[in-house]
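Below: the structure, in structure tokens.
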Amino acid sequence: SIKQKRSETINRKKTSGIWIYAEHKNGIMHPVVYELLGKGRELADKSNHKLTAVLIDGESSHWAKELIAYGADRVILCSHALLESQQDEYHFDAMTTILEEEIPTIFLFGATSFGRSLAPRIAARLQTGLTADCTRLEIDDVCGYLYQTRPAFGGNLMATIMCPDQRPQMATMRPGIMNAKEPDYYREGTVKRVNYKGEIKPRIEIIKEIIGEKKKSIGDASVIVSAGRGIGSQKNMKLVRRLADILEGQVGVSRPLVDIGWSEYSHQIGQTGAIVRPQLMIACGISGAIQHLAGIADAKTIIAINTDPEAPIFSVANYKIIGDCVEVLEMLIRSDREKQN
Amino acid sequence: MKIVVCIKQVPSTNKVQLHPETNTIIRDGRQSVTNPFDTYAIEEAIQIKEKTGGQTIAISMGIPETERLLKDAVGRGIDQAVLLSDKAFAGADTLATSYTLSLGIRDLMPVDLILCGKMAVDGDTAQIGPELAEQLGIPHVTDVTEVLEVKSNYLICKKEIDNGYQLLKVELPALLTVVKDINMPRMPSIEGVLQSETVEVIRKDAQDLKAEISKLGLCGSPTQVVKTFMPERDSEAIEISGSTEEKAVKIKKVIEEVLGNGGSKD
Ligand SMILES: Cc1cc2nc3c(=O)[nH]c(=O)nc-3n(C[C@H](O)[C@H](O)[C@H](O)COP(=O)(O)OP(=O)(O)OC[C@H]3O[C@@H](n4cnc5c(N)ncnc54)[C@H](O)[C@@H]3O)c2cc1C
Ligand SMILES: Cc1cc2nc3c(=O)[nH]c(=O)nc-3n(C[C@H](O)[C@H](O)[C@H](O)COP(=O)(O)OP(=O)(O)OC[C@H]3O[C@@H](n4cnc5c(N)ncnc54)[C@H](O)[C@@H]3O)c2cc1C
């Protein structure tokens, strides 16, 4: 079959174990790198592979020891003054230089904004598969297949994906899910240096970088009071705002409230809005449509208030209150006022 | 300026249904819409053309029914539409999809700018943009929130990154993926709708594209979806009942438990 034909033509270059990409910026290693090392170590032990961390950095790189302490057997270090900043094109070029000498059997990246831009470019260059934003990775220790599980459809469907024929098997891993190991600074490892010439002419120039300018987004809020159509009227939005203030949290809304102008788009939660991860969410008059749930899958505790006992929001909530959300909001605010006095 | 916009047909997810036994998405052509993020790419293409002049082309790889969505793009002001459709394209992962799109776009060369959505709301990978750019050998920028300036051989844009923004100068031709904040898509106009009724959507199949069959569709896809399942739900919700006052008291308790002190330090 065609499928077989294709696998015969694959790059059968000898592969060298499991690699992770060590993303860092402005002297700070991205926390996901330690998670990748933790997971990579586990996969490597199970399948009898070596774990390599790929470090692309400026001339005075000092990270190799750290990466080994967190689980790497080897560090591939490609350093050059041009690689000091996170310029995609130089990093991509350095990576292709590294991959000309050897390729891994598995290559893991953090699903960060940088990783999700770089990894697909590498996958396309190597003509291999890439699984996006994985939340679980398992290895078949006999064949070495990597089973990569990821949420699709905005978190409403989980898919397990594999890449049987091409190498490397590539994945980006969602930050904050895997556990890092305790560092062991006595661990030994090797460092392989790869020479980088930096001869490309970049086509993209970073004119300016504005860090932290982003408006405080509800994506970072640890408390969210959210409202849907069941809030009833625009004036009731004040109650939502008030409770959010009391709890030092932020206001979130479902899409219809943005459509009718009761809230700004930056507060919309869901598939086409913000993905939120609060410790606590109080959902008022939200039905829990699939596109809304896509944004709240990572909320820790959800208290949902809805008049409809069958509302789908209750299927993801930790606490359910069947009733009028406006009444409950008013009562919560009033009891806070009494406490103040 | 010649601008190509990539649009994907996605299920109108209001009615997403999973097959009870196979747990796969039940797709129904009639209930599909343009991927929401792509409507922003369409709008951006039209706005850029309004400033620089030139031509805008929408392209999609999809089932024949996708023609309706391409016509809708014309209704909004896109000049021309191309549909890449062939049974051989079915089951494509991002590598095979970006390969097929790259062939369709090669036929339109020279192209100055390619616009994609940030991601499609079904497959949800956000990989097509960068993979397509690589297959075409042009630079790409993901998560663009604003295009500030467009000249004949470069543009300046603002890109969202994890903890802020970057202002970038990008040589053309290039590919950008756009986020929702970039603009407010317009509705189709009356002239546009009339135009879309007469416009001929250009259809191309694998042969027209001179595609390597082994790089297409399911066969050309290095990744395989081996299993789909519903995410596990935690245990059932605990009901808080009583009078409104009693409910409020109990809710307060829960809040205090969750936050430790009744208020967060955000
Ligand atoms: C492609 C696409 C993308 C989308 N993206 C998003 C998205 O990102 N985010 C999003 O939110 N939606 C999104 N939607 C819309 C989504 O499908 C739903 O329409 C929307 O989430 C419903 O909002 P809602 O829960 O506020 O309203 P409704 O579904 O109308 O629910 C209102 C709820 O309030 C309850 N209620 C009524 N009165 C009271 C009361 N007094 N007290 C308590 N409860 C009360 C009702 O029982 C009901 O459950 C998208 C849709 C599509 C097609
Ligand atoms: C549950 C599930 C999980 C999947 N996981 C993966 C995975 O991890 N890796 C993988 O390689 N494939 C995966 N796929 C396959 C993938 O969804 C398809 O390859 C799809 O054709 C494109 O990917 P996307 O929806 O992720 O698009 P994205 O990359 O998210 O789309 C970004 C933009 O690319 C453009 N675009 C995308 N598709 C088209 C098109 N057909 N025509 C025109 N423009 C388009 C649009 O502008 C869109 O906004 C998965 C599919 C399913 C059903």
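Ligands are numbered from 1 in the order shown, chains are lettered A, B, ... in the order of the structure tokens, and residues start at 1 in each chain.
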message: Please find the residues contacting ligand 1 at a distance of at most 6 Å between atoms, with only C-alpha atoms and all ligand atoms counted, and report them as a PyMOL selection string.
response: (chain A and resi 228-231+254-256+269-273+284-289+291-292+305-308+311+323-325) or (chain B and resi 12-14+36)
Output file for the residues above (C-alpha atoms, as a short mmCIF file (atom, residue, chain, number, x, y, z; two decimals), in the first residue's frame):
data_model
loop_
_atom_site.label_atom_id
_atom_site.label_comp_id
_atom_site.auth_asym_id
_atom_site.auth_seq_id
_atom_site.Cartn_x
_atom_site.Cartn_y
_atom_site.Cartn_z
CA GLY A 228 -23.97 34.47 31.44
CA ARG A 229 -27.30 35.36 29.96
CA GLY A 230 -29.00 34.26 33.15
CA ILE A 231 -27.74 37.43 34.87
CA SER A 254 -20.03 34.09 28.27
CA ARG A 255 -20.04 35.17 24.68
CA PRO A 256 -23.62 36.43 24.38
CA ILE A 269 -14.26 32.98 28.52
CA GLY A 270 -14.31 30.02 26.18
CA GLN A 271 -13.09 28.54 22.99
CA THR A 272 -13.00 31.86 21.19
CA GLY A 273 -12.23 33.85 24.31
CA CYS A 284 -23.76 32.82 37.51
CA GLY A 285 -26.46 32.07 34.94
CA ILE A 286 -24.18 30.30 32.53
CA SER A 287 -25.63 27.27 30.77
CA GLY A 288 -22.28 25.60 30.10
CA ALA A 289 -22.22 25.33 26.32
CA GLN A 291 -17.57 26.29 23.70
CA HIS A 292 -17.76 27.92 27.10
CA ILE A 305 -25.60 28.98 40.14
CA ASN A 306 -28.39 28.26 37.68
CA THR A 307 -32.19 28.02 37.76
CA ASP A 308 -32.16 24.97 35.51
CA ALA A 311 -27.88 22.95 33.02
CA GLY A 323 -31.72 29.05 42.01
CA ASP A 324 -31.68 32.68 40.95
CA CYS A 325 -28.14 33.91 40.68
CA SER B 12 -20.73 24.69 13.91
CA THR B 13 -19.76 23.56 17.33
CA ASN B 14 -23.03 24.51 18.91
CA PRO B 36 -14.00 31.78 13.77
#
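All residues of protein, DNA or RNA that reach within 7 Å of segment 82-94 of chain B, judged by only C-alpha atoms and not counting those fewer than 5 positions away in the chain, are Ala58, Ile59, Ser60, Met61, Gly62, Ile63, Pro64, Glu67, Gln127, Ile128, Val201, Ile202, Arg203, Lys204, Asp205, Ala206, Leu216, Gly217, Leu218, Ser221 and Thr223 of chain B.
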Can you write just those residues out, C-alpha atoms, as an mmCIF file, in the first residue's frame?
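Saved as result_16.cif:
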data_model
loop_
_atom_site.group_PDB
_atom_site.id
_atom_site.type_symbol
_atom_site.label_atom_id
_atom_site.label_comp_id
_atom_site.auth_asym_id
_atom_site.auth_seq_id
_atom_site.Cartn_x
_atom_site.Cartn_y
_atom_site.Cartn_z
ATOM 1 C CA ALA B 58 -9.337 32.769 -0.077
ATOM 2 C CA ILE B 59 -8.157 29.176 -0.212
ATOM 3 C CA SER B 60 -9.373 26.096 1.592
ATOM 4 C CA MET B 61 -8.675 22.409 1.548
ATOM 5 C CA GLY B 62 -11.939 20.677 2.266
ATOM 6 C CA ILE B 63 -15.004 18.808 1.116
ATOM 7 C CA PRO B 64 -16.986 20.208 -1.870
ATOM 8 C CA GLU B 67 -17.531 26.155 -1.475
ATOM 9 C CA GLN B 127 0.480 24.213 13.555
ATOM 10 C CA ILE B 128 -0.708 24.814 9.995
ATOM 11 C CA VAL B 201 -14.830 29.069 -7.106
ATOM 12 C CA ILE B 202 -11.723 27.542 -8.677
ATOM 13 C CA ARG B 203 -11.577 23.827 -7.902
ATOM 14 C CA LYS B 204 -8.385 21.830 -7.856
ATOM 15 C CA ASP B 205 -7.775 18.183 -7.173
ATOM 16 C CA ALA B 206 -4.601 16.207 -6.527
ATOM 17 C CA LEU B 216 -1.491 13.488 0.776
ATOM 18 C CA GLY B 217 -4.293 12.746 3.182
ATOM 19 C CA LEU B 218 -4.217 9.862 5.598
ATOM 20 C CA SER B 221 0.187 11.861 7.459
ATOM 21 C CA THR B 223 0.592 11.171 12.825
#
Could you build a table of the residues in chain B lying no more than 7 Å from ligand 2, giving for each the nearest pair of atoms and their separation in Å rounded to one decimal place, using only C-alpha atoms and all ligand atoms, ordered by chain and ascending residue number, as a Markdown table?
| residue | atom | partner | partner_atom_place_in_ligand_line | distance |
| --- | --- | --- | --- | --- |
| B:Val5 | CA | ligand 2 | 47 (O) | 6.8 |
| B:Cys6 | CA | ligand 2 | 44 (N) | 3.9 |
| B:Ile7 | CA | ligand 2 | 44 (N) | 4.2 |
| B:Lys8 | CA | ligand 2 | 39 (C) | 4.4 |
| B:Asn35 | CA | ligand 2 | 49 (O) | 6.4 |
| B:Phe37 | CA | ligand 2 | 49 (O) | 5.6 |
| B:Asp38 | CA | ligand 2 | 49 (O) | 5.0 |
| B:Ile59 | CA | ligand 2 | 43 (C) | 5.9 |
| B:Ser60 | CA | ligand 2 | 43 (C) | 3.7 |
| B:Met61 | CA | ligand 2 | 42 (N) | 3.9 |
| B:Gly62 | CA | ligand 2 | 41 (N) | 5.5 |
| B:Ala92 | CA | ligand 2 | 19 (O) | 4.9 |
| B:Asp93 | CA | ligand 2 | 19 (O) | 3.1 |
| B:Thr94 | CA | ligand 2 | 19 (O) | 3.7 |
| B:Leu95 | CA | ligand 2 | 11 (O) | 5.9 |
| B:Ala96 | CA | ligand 2 | 19 (O) | 7.0 |
| B:Thr97 | CA | ligand 2 | 21 (O) | 5.4 |
| B:Leu101 | CA | ligand 2 | 43 (C) | 6.7 |
| B:Leu115 | CA | ligand 2 | 47 (O) | 6.7 |
| B:Cys116 | CA | ligand 2 | 47 (O) | 3.3 |
| B:Gly117 | CA | ligand 2 | 49 (O) | 3.1 |
| B:Lys118 | CA | ligand 2 | 49 (O) | 5.3 |
| B:Met119 | CA | ligand 2 | 30 (O) | 3.3 |
| B:Ala120 | CA | ligand 2 | 30 (O) | 3.8 |
| B:Val121 | CA | ligand 2 | 25 (O) | 6.7 |
| B:Asp122 | CA | ligand 2 | 25 (O) | 5.5 |
| B:Gly123 | CA | ligand 2 | 17 (O) | 3.3 |
| B:Asp124 | CA | ligand 2 | 26 (O) | 4.2 |
| B:Thr125 | CA | ligand 2 | 26 (O) | 3.6 |
| B:Ala126 | CA | ligand 2 | 30 (O) | 3.4 |
| B:Gln127 | CA | ligand 2 | 29 (O) | 3.9 |
| B:Ile128 | CA | ligand 2 | 29 (O) | 3.7 |
| B:Gly129 | CA | ligand 2 | 34 (O) | 5.4 |
| B:Thr223 | CA | ligand 2 | 11 (O) | 6.0 |
| B:Val225 | CA | ligand 2 | 3 (C) | 6.6 |
| B:Thr228 | CA | ligand 2 | 1 (C) | 6.8 |
Mind writing the picked residues with C-alpha atoms as a PDB file, in the first residue's frame?
ATOM      1  CA  VAL B   5      -6.215  33.834   3.251  1.00  0.00           C
ATOM      2  CA  CYS B   6      -6.421  30.221   4.420  1.00  0.00           C
ATOM      3  CA  ILE B   7      -9.821  29.265   5.728  1.00  0.00           C
ATOM      4  CA  LYS B   8     -10.954  26.038   7.296  1.00  0.00           C
ATOM      5  CA  ASN B  35     -13.345  28.683  11.587  1.00  0.00           C
ATOM      6  CA  PHE B  37     -10.336  32.832  13.784  1.00  0.00           C
ATOM      7  CA  ASP B  38     -10.271  32.790   9.985  1.00  0.00           C
ATOM      8  CA  ILE B  59      -8.157  29.176  -0.212  1.00  0.00           C
ATOM      9  CA  SER B  60      -9.373  26.096   1.592  1.00  0.00           C
ATOM     10  CA  MET B  61      -8.675  22.409   1.548  1.00  0.00           C
ATOM     11  CA  GLY B  62     -11.939  20.677   2.266  1.00  0.00           C
ATOM     12  CA  ALA B  92      -4.712  14.761   6.522  1.00  0.00           C
ATOM     13  CA  ASP B  93      -2.744  15.726   9.602  1.00  0.00           C
ATOM     14  CA  THR B  94      -1.007  19.087   9.790  1.00  0.00           C
ATOM     15  CA  LEU B  95       1.976  18.007   7.676  1.00  0.00           C
ATOM     16  CA  ALA B  96      -0.211  16.673   4.852  1.00  0.00           C
ATOM     17  CA  THR B  97      -2.597  19.633   5.111  1.00  0.00           C
ATOM     18  CA  LEU B 101      -2.095  24.064   0.882  1.00  0.00           C
ATOM     19  CA  LEU B 115      -2.887  35.026   6.456  1.00  0.00           C
ATOM     20  CA  CYS B 116      -4.129  32.175   8.653  1.00  0.00           C
ATOM     21  CA  GLY B 117      -6.206  32.067  11.800  1.00  0.00           C
ATOM     22  CA  LYS B 118      -4.404  31.551  15.116  1.00  0.00           C
ATOM     23  CA  MET B 119      -5.853  28.057  15.253  1.00  0.00           C
ATOM     24  CA  ALA B 120      -8.806  26.017  14.101  1.00  0.00           C
ATOM     25  CA  VAL B 121     -11.353  25.330  16.824  1.00  0.00           C
ATOM     26  CA  ASP B 122     -11.667  21.612  16.048  1.00  0.00           C
ATOM     27  CA  GLY B 123      -8.197  20.137  15.447  1.00  0.00           C
ATOM     28  CA  ASP B 124      -6.899  22.954  17.589  1.00  0.00           C
ATOM     29  CA  THR B 125      -3.181  22.489  16.867  1.00  0.00           C
ATOM     30  CA  ALA B 126      -2.178  25.974  15.624  1.00  0.00           C
ATOM     31  CA  GLN B 127       0.480  24.213  13.555  1.00  0.00           C
ATOM     32  CA  ILE B 128      -0.708  24.814   9.995  1.00  0.00           C
ATOM     33  CA  GLY B 129       0.651  28.383   9.839  1.00  0.00           C
ATOM     34  CA  THR B 223       0.592  11.171  12.825  1.00  0.00           C
ATOM     35  CA  VAL B 225      -5.168   9.456  15.854  1.00  0.00           C
ATOM     36  CA  THR B 228     -10.450   9.448  21.073  1.00  0.00           C
TER      37      THR B 228
END
message: When you look at Ser79 of chain A with a cut-off of 7 Å (counting only C-alpha atoms), what residues show up, excluding the ones that are within fewer than 2 positions of it in the same chain? I need them as JSON, numbers by chain.
response: {"A": [56, 57, 58, 59, 77, 81, 83, 196]}
task: Give as a VMD selection string every residue of chain B that touches chain A within 6 Å, counting only C-alpha atoms.
output: chain B and resid 122 to 125 127 130 to 131 134 161 to 171 219 222 to 231 237 to 240 248 263 to 264
Write out, as a PDB file, in the first residue's frame, the residues just selected, with C-alpha atoms.
ATOM      1  CA  ASP B 122     -11.667  21.612  16.048  1.00  0.00           C
ATOM      2  CA  GLY B 123      -8.197  20.137  15.447  1.00  0.00           C
ATOM      3  CA  ASP B 124      -6.899  22.954  17.589  1.00  0.00           C
ATOM      4  CA  THR B 125      -3.181  22.489  16.867  1.00  0.00           C
ATOM      5  CA  GLN B 127       0.480  24.213  13.555  1.00  0.00           C
ATOM      6  CA  PRO B 130       4.289  27.620  10.732  1.00  0.00           C
ATOM      7  CA  GLU B 131       4.324  24.310   8.808  1.00  0.00           C
ATOM      8  CA  GLU B 134       8.243  26.213   6.148  1.00  0.00           C
ATOM      9  CA  ILE B 161       4.032  36.447  23.355  1.00  0.00           C
ATOM     10  CA  ASP B 162       3.624  34.679  26.706  1.00  0.00           C
ATOM     11  CA  ASN B 163       4.389  37.731  28.810  1.00  0.00           C
ATOM     12  CA  GLY B 164       3.962  40.696  26.519  1.00  0.00           C
ATOM     13  CA  TYR B 165       4.342  41.814  22.942  1.00  0.00           C
ATOM     14  CA  GLN B 166       6.940  42.064  20.225  1.00  0.00           C
ATOM     15  CA  LEU B 167       7.037  44.653  17.496  1.00  0.00           C
ATOM     16  CA  LEU B 168       8.431  43.000  14.377  1.00  0.00           C
ATOM     17  CA  LYS B 169       9.571  44.055  10.951  1.00  0.00           C
ATOM     18  CA  VAL B 170       8.913  41.188   8.551  1.00  0.00           C
ATOM     19  CA  GLU B 171      10.197  40.834   5.016  1.00  0.00           C
ATOM     20  CA  CYS B 219      -1.389   8.094   3.731  1.00  0.00           C
ATOM     21  CA  PRO B 222       2.938  10.831   9.854  1.00  0.00           C
ATOM     22  CA  THR B 223       0.592  11.171  12.825  1.00  0.00           C
ATOM     23  CA  GLN B 224      -2.355   8.917  13.421  1.00  0.00           C
ATOM     24  CA  VAL B 225      -5.168   9.456  15.854  1.00  0.00           C
ATOM     25  CA  VAL B 226      -5.327   6.033  17.518  1.00  0.00           C
ATOM     26  CA  LYS B 227      -7.984   6.749  20.095  1.00  0.00           C
ATOM     27  CA  THR B 228     -10.450   9.448  21.073  1.00  0.00           C
ATOM     28  CA  PHE B 229     -12.340   9.619  24.336  1.00  0.00           C
ATOM     29  CA  MET B 230     -14.267  12.001  26.514  1.00  0.00           C
ATOM     30  CA  PRO B 231     -12.208  13.696  29.211  1.00  0.00           C
ATOM     31  CA  ALA B 237     -21.244  18.401  42.083  1.00  0.00           C
ATOM     32  CA  ILE B 238     -22.226  18.843  45.708  1.00  0.00           C
ATOM     33  CA  GLU B 239     -25.557  20.610  45.952  1.00  0.00           C
ATOM     34  CA  ILE B 240     -25.859  23.663  48.142  1.00  0.00           C
ATOM     35  CA  ALA B 248     -25.044  32.397  50.897  1.00  0.00           C
ATOM     36  CA  GLY B 263      -9.921  36.606  49.737  1.00  0.00           C
ATOM     37  CA  SER B 264      -7.151  35.989  47.279  1.00  0.00           C
TER      38      SER B 264
END
- prompt: Gln55 of chain B: which residues within 9 Å, counting only C-alpha atoms, same-chain residues fewer than 5 positions away excluded, as an MDAnalysis selection string?
  reply: chainID B and resid 1:4 46 49 78:80
Selection from above, C-alpha atoms, as a compact mmCIF listing (two decimals), in the first residue's frame, can you write it?
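Wrote it out as part_29.txt, contents follow:
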# COMPACT_ATOMS: atom_id res chain seq x y z
CA MET B 1 -0.19 43.33 -3.01
CA LYS B 2 -1.51 39.79 -3.44
CA ILE B 3 -2.90 38.34 -0.22
CA VAL B 4 -3.98 34.75 0.31
CA ILE B 46 -9.58 43.11 3.05
CA LYS B 49 -6.05 45.58 0.37
CA ILE B 78 -12.53 38.69 -0.94
CA ASP B 79 -11.89 38.78 -4.72
CA GLN B 80 -11.31 35.17 -5.59
- request: Might you pull out every residue within 9 Å of Glu66 of chain A, with only C-alpha atoms counted and same-chain residues fewer than 3 positions away left off, and present them as a ChimeraX atom specification?
  value: /A:62-63,69-72,183-185
query: For Asp208 of chain B, which residue among B:Leu103, B:Ile190, B:Ile255, B:Met109 is the nearest when counting only C-alpha atoms?
result: B:Leu103
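The two atoms in question, atom CA of Gly260 of chain B and atom CA of Gly219 of chain A, are spaced 21.2 Å apart.
Nearest residue to Ala73 of chain B, choosing from B:His140, B:Lys253, B:Arg186, B:Lys159 and counting only C-alpha atoms: B:Arg186.
The interatomic distance for the pair atom CA of Ser152 of chain B and atom CA of Pro110 of chain B works out to 12.7 Å.
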message: When you look at Asn183 of chain B with a cut-off of 10 Å (counting only C-alpha atoms), what residues show up, excluding the ones that are within fewer than 4 positions of it in the same chain? I need them as a PyMOL selection string.
response: chain B and resi 39-41+43-44+47+145-147+178-179
Could those residues be written to a file, using N, CA and C atoms, as a PDB file, in the first residue's frame?
ATOM      1  N   THR B  39     -12.208  34.274  10.183  1.00  0.00           N
ATOM      2  CA  THR B  39     -12.981  35.453   9.782  1.00  0.00           C
ATOM      3  C   THR B  39     -12.168  36.725  10.055  1.00  0.00           C
ATOM      4  N   TYR B  40     -11.290  36.658  11.045  1.00  0.00           N
ATOM      5  CA  TYR B  40     -10.423  37.810  11.329  1.00  0.00           C
ATOM      6  C   TYR B  40      -9.317  37.918  10.278  1.00  0.00           C
ATOM      7  N   ALA B  41      -8.861  36.769   9.797  1.00  0.00           N
ATOM      8  CA  ALA B  41      -7.847  36.775   8.739  1.00  0.00           C
ATOM      9  C   ALA B  41      -8.447  37.353   7.455  1.00  0.00           C
ATOM     10  N   GLU B  43     -10.962  39.494   7.259  1.00  0.00           N
ATOM     11  CA  GLU B  43     -11.134  40.937   7.459  1.00  0.00           C
ATOM     12  C   GLU B  43      -9.797  41.669   7.318  1.00  0.00           C
ATOM     13  N   GLU B  44      -8.753  41.099   7.895  1.00  0.00           N
ATOM     14  CA  GLU B  44      -7.445  41.761   7.836  1.00  0.00           C
ATOM     15  C   GLU B  44      -6.962  41.864   6.392  1.00  0.00           C
ATOM     16  N   GLN B  47      -8.841  44.656   4.783  1.00  0.00           N
ATOM     17  CA  GLN B  47      -8.368  45.977   5.251  1.00  0.00           C
ATOM     18  C   GLN B  47      -7.019  46.336   4.639  1.00  0.00           C
ATOM     19  N   THR B 145      -1.436  40.544  16.639  1.00  0.00           N
ATOM     20  CA  THR B 145      -2.565  41.308  17.183  1.00  0.00           C
ATOM     21  C   THR B 145      -2.803  42.597  16.405  1.00  0.00           C
ATOM     22  N   GLU B 146      -1.846  42.994  15.583  1.00  0.00           N
ATOM     23  CA  GLU B 146      -2.000  44.242  14.852  1.00  0.00           C
ATOM     24  C   GLU B 146      -0.999  44.303  13.705  1.00  0.00           C
ATOM     25  N   VAL B 147      -1.474  44.745  12.548  1.00  0.00           N
ATOM     26  CA  VAL B 147      -0.559  45.025  11.441  1.00  0.00           C
ATOM     27  C   VAL B 147      -0.497  46.541  11.334  1.00  0.00           C
ATOM     28  N   VAL B 178      -3.355  35.185  12.809  1.00  0.00           N
ATOM     29  CA  VAL B 178      -3.936  36.328  13.512  1.00  0.00           C
ATOM     30  C   VAL B 178      -4.848  35.907  14.660  1.00  0.00           C
ATOM     31  N   VAL B 179      -4.873  36.726  15.712  1.00  0.00           N
ATOM     32  CA  VAL B 179      -5.744  36.471  16.869  1.00  0.00           C
ATOM     33  C   VAL B 179      -7.001  37.333  16.757  1.00  0.00           C
TER      34      VAL B 179
END
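Distance-wise, atom CA of Leu209 of chain B and atom CA of Ile105 of chain B end up 9.8 Å apart.
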query: Leaving out Lys39 of chain A and any residue of its chain fewer than 6 positions from it, which residues lie within 9 Å of it when counting only C-alpha atoms, given as a PyMOL selection string?
result: chain A and resi 137+178-181
